[in-house]
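S.K.: Take a look at this one; I'll ask things after.
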Amino acid sequence: MDTNTPKGDRIAKVLSRAGIASRREAERMIEAGRVAVNGNVITSPALNVTSADKILVDDKPIAEPEEARIWIYHKPKGLVTTERDEKGRDTVFAALPDDLPRVMSIGRLDLNSEGLLLLTNDGGVKRKLELPSTGWLRRYRVRVKGEPTEAKLDELRRGVTVDGERFQGMEVTLDRSQGANSWLTVALREGKNREIRRAMDSIGVTVNRLIRVSYGPFQLGKLPQGDVEEVKPRVVREQLGDKPKPKVTRTRSGGKTMPKSAASKPPMRGKPHKGRGKQAPRGKN
């Protein structure tokens with residue numbers, strides 16, 4: 001056994017597990033002098049801590065780590081997937097229900113995209129499910145303007161290079177055409193920035209609606225826009241490969257018991273939380 005190995009975990013990991021922020025954001029908070037350990041402000045994330053250490057963020061003690069939880073959110077068009085937007089645009093996190101704990105998004109959907117957005121209270125889960133090595137398929141319903149011929153779609157299936165960036169081959173199916181528009185089903189495993197929009201532009205068609213309908217085993221189903229459903233703890237453990245843990249009764253401010261998980265197996269229907277944000281028109285597929 002190496003007696004020189006520091007005990008505990010890196011401070012950024014501990015903050016992430018406590019639901020404060022992602023590891024990267026936690027490191028920025030540390031560098032900004034917002035974190036104190038045992039009464040001393042730290043400015044470097046190169047520090048291991050244990051349960052015996054007293055950690056404050058913005059002069060407030062952090063909570064004990066919760067069991068990892070995941071929610072499905074039906075993001076409307078017109079919301080930015082960020083906590084604060086420098087342009088003053090409406091954000092996903094401002095639109096979430098008040099009774100949700102602090103959560104982070106697993107991946108992103110851009111301003112004009114809608115559909116399934118996964119949320120979690122655990123930075124480790126966020127990191128794990130965003131890694132390309134996880135290999136989860138993301139499926140989208142895509143409406144395009146133009147003529148997506150099979151020859152053009154074959155280019156996407158083989159993989160295209162856009163502005164020097166290589167996109168892996170996509171699964172693409174032409175579902176139907178309606179006048180100048182066509183509906184496609186597109187599935188990919190990468191999720192690079194605006195990948196589908198840029199790839200469609202490269203074959204001469206323009207995306208005018210993009211809806212994510214699944215992320216790995218998690219399905220959007222018929223969840224209304226702006227609503228949130230929690231995935232059952234058992235399903236979360238199965239998907240993360242975790243062993244069952246003892247049940248923990250959680251309370252929120254005021255001592256009220258948090259509601260039980262509202263979802264079941266995909267499509268994971270249940271009693272949803274109602275979002276506070278302004279909902280975009282639902283439209284017809």
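So you can find residues: chains in the structure tokens are A, B, ... in the order shown, residues in each start at 1, and ligands are numbered from 1 in order.
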Can you build me a table of segment 13-125 of chain A residues sitting at most 8 Å from segment 187-210 of chain A, with the closest atom pair per residue and its distance in Å to one decimal, using only C-alpha atoms, sorted by chain and residue number, as JSON lines?

M.R.:
```
{"residue": "A:Asp110", "atom": "CA", "partner": "A:Arg194", "partner_atom": "CA", "distance": 7.5}
{"residue": "A:Asn112", "atom": "CA", "partner": "A:Leu210", "partner_atom": "CA", "distance": 7.7}
{"residue": "A:Ser113", "atom": "CA", "partner": "A:Leu210", "partner_atom": "CA", "distance": 5.2}
{"residue": "A:Glu114", "atom": "CA", "partner": "A:Leu210", "partner_atom": "CA", "distance": 6.3}
```

S.K.: With all heavy atoms retained, export the selected residues as a compact mmCIF listing (two decimals), in the first residue's frame.

M.R.:
```txt
# COMPACT_ATOMS: atom_id res chain seq x y z
N ASP A 110 -29.47 23.03 -28.31
CA ASP A 110 -29.27 24.44 -28.60
C ASP A 110 -30.59 25.22 -28.53
O ASP A 110 -31.67 24.65 -28.34
CB ASP A 110 -28.55 24.65 -29.93
CG ASP A 110 -29.35 24.18 -31.14
OD1 ASP A 110 -30.59 24.31 -31.12
OD2 ASP A 110 -28.75 23.70 -32.11
N ASN A 112 -32.65 26.60 -30.54
CA ASN A 112 -33.77 26.30 -31.43
C ASN A 112 -34.13 24.83 -31.49
O ASN A 112 -34.97 24.43 -32.31
CB ASN A 112 -33.45 26.82 -32.85
CG ASN A 112 -33.37 28.33 -32.89
OD1 ASN A 112 -34.21 29.02 -32.33
ND2 ASN A 112 -32.33 28.86 -33.53
N SER A 113 -33.52 24.01 -30.64
CA SER A 113 -33.84 22.59 -30.58
C SER A 113 -34.74 22.32 -29.39
O SER A 113 -34.76 23.08 -28.42
CB SER A 113 -32.56 21.76 -30.48
OG SER A 113 -31.76 21.93 -31.64
N GLU A 114 -35.49 21.26 -29.46
CA GLU A 114 -36.44 20.92 -28.40
C GLU A 114 -36.39 19.42 -28.12
O GLU A 114 -35.67 18.67 -28.77
CB GLU A 114 -37.85 21.35 -28.81
CG GLU A 114 -38.28 20.80 -30.16
CD GLU A 114 -39.52 21.48 -30.73
OE1 GLU A 114 -40.62 21.26 -30.18
OE2 GLU A 114 -39.38 22.22 -31.73
```

S.K.: Please report, as number ranges by chain, each residue of segment 13-70 of chain A to which DSSP assigns strand (DSSP E) when run on this structure's backbone.

M.R.: A: 35-37, 40-42, 48-49, 55-57, 60-61, 70

S.K.: List the neighbours of segment 96-107 of chain A out to 10 Å using only C-alpha atoms; skip same-chain residues closer than 5 positions along the sequence, and give me the result as number ranges by chain.

M.R.: A: 16, 18-22, 69-73, 75, 81-83, 91, 117-123, 125-131, 191-192, 215, 226-228, 230, 252-253, 258-259, 273-277

S.K.: Check the DSSP output for the backbone and give back, as a list in words, the residues of segment 13-121 of chain A in alpha helix (DSSP H).

M.R.: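 Taking segment 13-121 of chain A and keeping alpha helix (DSSP H) gives Lys13, Val14, Leu15, Ser16, Arg17, Arg23, Arg24, Glu25, Ala26, Glu27, Arg28, Met29, Ile30, Glu31, Val92, Phe93, Ala94 and Ala95 of chain A.
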
S.K.: For the residues selected in the previous step, produce a file with N, CA and C atoms as a PDB file, in the first residue's frame.

M.R.:
```pdb
ATOM      1  N   LYS A  13     -14.352  17.051  -7.264  1.00  0.00           N
ATOM      2  CA  LYS A  13     -15.203  15.862  -7.350  1.00  0.00           C
ATOM      3  C   LYS A  13     -16.222  15.859  -6.215  1.00  0.00           C
ATOM      4  N   VAL A  14     -15.782  16.225  -5.011  1.00  0.00           N
ATOM      5  CA  VAL A  14     -16.674  16.266  -3.855  1.00  0.00           C
ATOM      6  C   VAL A  14     -17.783  17.302  -4.064  1.00  0.00           C
ATOM      7  N   LEU A  15     -17.427  18.463  -4.584  1.00  0.00           N
ATOM      8  CA  LEU A  15     -18.420  19.502  -4.854  1.00  0.00           C
ATOM      9  C   LEU A  15     -19.415  19.037  -5.921  1.00  0.00           C
ATOM     10  N   SER A  16     -18.912  18.338  -6.913  1.00  0.00           N
ATOM     11  CA  SER A  16     -19.775  17.830  -7.968  1.00  0.00           C
ATOM     12  C   SER A  16     -20.739  16.783  -7.419  1.00  0.00           C
ATOM     13  N   ARG A  17     -20.244  15.864  -6.585  1.00  0.00           N
ATOM     14  CA  ARG A  17     -21.101  14.830  -5.997  1.00  0.00           C
ATOM     15  C   ARG A  17     -22.155  15.436  -5.085  1.00  0.00           C
ATOM     16  N   ARG A  23     -17.688  19.300 -12.371  1.00  0.00           N
ATOM     17  CA  ARG A  23     -16.285  19.397 -11.926  1.00  0.00           C
ATOM     18  C   ARG A  23     -15.596  20.625 -12.508  1.00  0.00           C
ATOM     19  N   ARG A  24     -15.821  20.862 -13.768  1.00  0.00           N
ATOM     20  CA  ARG A  24     -15.152  21.993 -14.422  1.00  0.00           C
ATOM     21  C   ARG A  24     -15.596  23.315 -13.804  1.00  0.00           C
ATOM     22  N   GLU A  25     -16.919  23.448 -13.588  1.00  0.00           N
ATOM     23  CA  GLU A  25     -17.431  24.663 -12.982  1.00  0.00           C
ATOM     24  C   GLU A  25     -16.955  24.780 -11.539  1.00  0.00           C
ATOM     25  N   ALA A  26     -16.870  23.648 -10.821  1.00  0.00           N
ATOM     26  CA  ALA A  26     -16.377  23.670  -9.442  1.00  0.00           C
ATOM     27  C   ALA A  26     -14.929  24.156  -9.396  1.00  0.00           C
ATOM     28  N   GLU A  27     -14.129  23.750 -10.364  1.00  0.00           N
ATOM     29  CA  GLU A  27     -12.739  24.217 -10.423  1.00  0.00           C
ATOM     30  C   GLU A  27     -12.682  25.726 -10.623  1.00  0.00           C
ATOM     31  N   ARG A  28     -13.588  26.257 -11.447  1.00  0.00           N
ATOM     32  CA  ARG A  28     -13.623  27.707 -11.658  1.00  0.00           C
ATOM     33  C   ARG A  28     -14.043  28.428 -10.378  1.00  0.00           C
ATOM     34  N   MET A  29     -14.986  27.830  -9.650  1.00  0.00           N
ATOM     35  CA  MET A  29     -15.420  28.424  -8.384  1.00  0.00           C
ATOM     36  C   MET A  29     -14.265  28.462  -7.382  1.00  0.00           C
ATOM     37  N   ILE A  30     -13.471  27.400  -7.373  1.00  0.00           N
ATOM     38  CA  ILE A  30     -12.312  27.338  -6.476  1.00  0.00           C
ATOM     39  C   ILE A  30     -11.305  28.418  -6.847  1.00  0.00           C
ATOM     40  N   GLU A  31     -10.991  28.511  -8.129  1.00  0.00           N
ATOM     41  CA  GLU A  31     -10.016  29.507  -8.590  1.00  0.00           C
ATOM     42  C   GLU A  31     -10.488  30.933  -8.321  1.00  0.00           C
ATOM     43  N   VAL A  92     -32.915  27.212 -19.565  1.00  0.00           N
ATOM     44  CA  VAL A  92     -33.550  25.981 -19.098  1.00  0.00           C
ATOM     45  C   VAL A  92     -33.695  25.992 -17.581  1.00  0.00           C
ATOM     46  N   PHE A  93     -32.628  26.381 -16.881  1.00  0.00           N
ATOM     47  CA  PHE A  93     -32.616  26.236 -15.427  1.00  0.00           C
ATOM     48  C   PHE A  93     -33.549  27.222 -14.743  1.00  0.00           C
ATOM     49  N   ALA A  94     -33.802  28.376 -15.371  1.00  0.00           N
ATOM     50  CA  ALA A  94     -34.770  29.319 -14.816  1.00  0.00           C
ATOM     51  C   ALA A  94     -36.195  28.822 -15.006  1.00  0.00           C
ATOM     52  N   ALA A  95     -36.399  27.919 -15.971  1.00  0.00           N
ATOM     53  CA  ALA A  95     -37.740  27.425 -16.283  1.00  0.00           C
ATOM     54  C   ALA A  95     -38.113  26.169 -15.505  1.00  0.00           C
TER      55      ALA A  95
END
```

S.K.: Do you have the atom CA of Pro61 of chain A-atom CA of Asn48 of chain A distance handy?

M.R.: 17.1 Å

S.K.: How many Å lie between atom CA of Ile11 of chain A and atom CA of Pro45 of chain A, rounded to one decimal?

M.R.: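 Atom CA of Pro45 of chain A lies 6.2 Å from atom CA of Ile11 of chain A.
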
S.K.: Could you check which of A:Ala68, A:Trp183, A:Ala12, A:Ile42 is closest to Leu240 of chain A, using only C-alpha atoms?

M.R.: A:Ala68
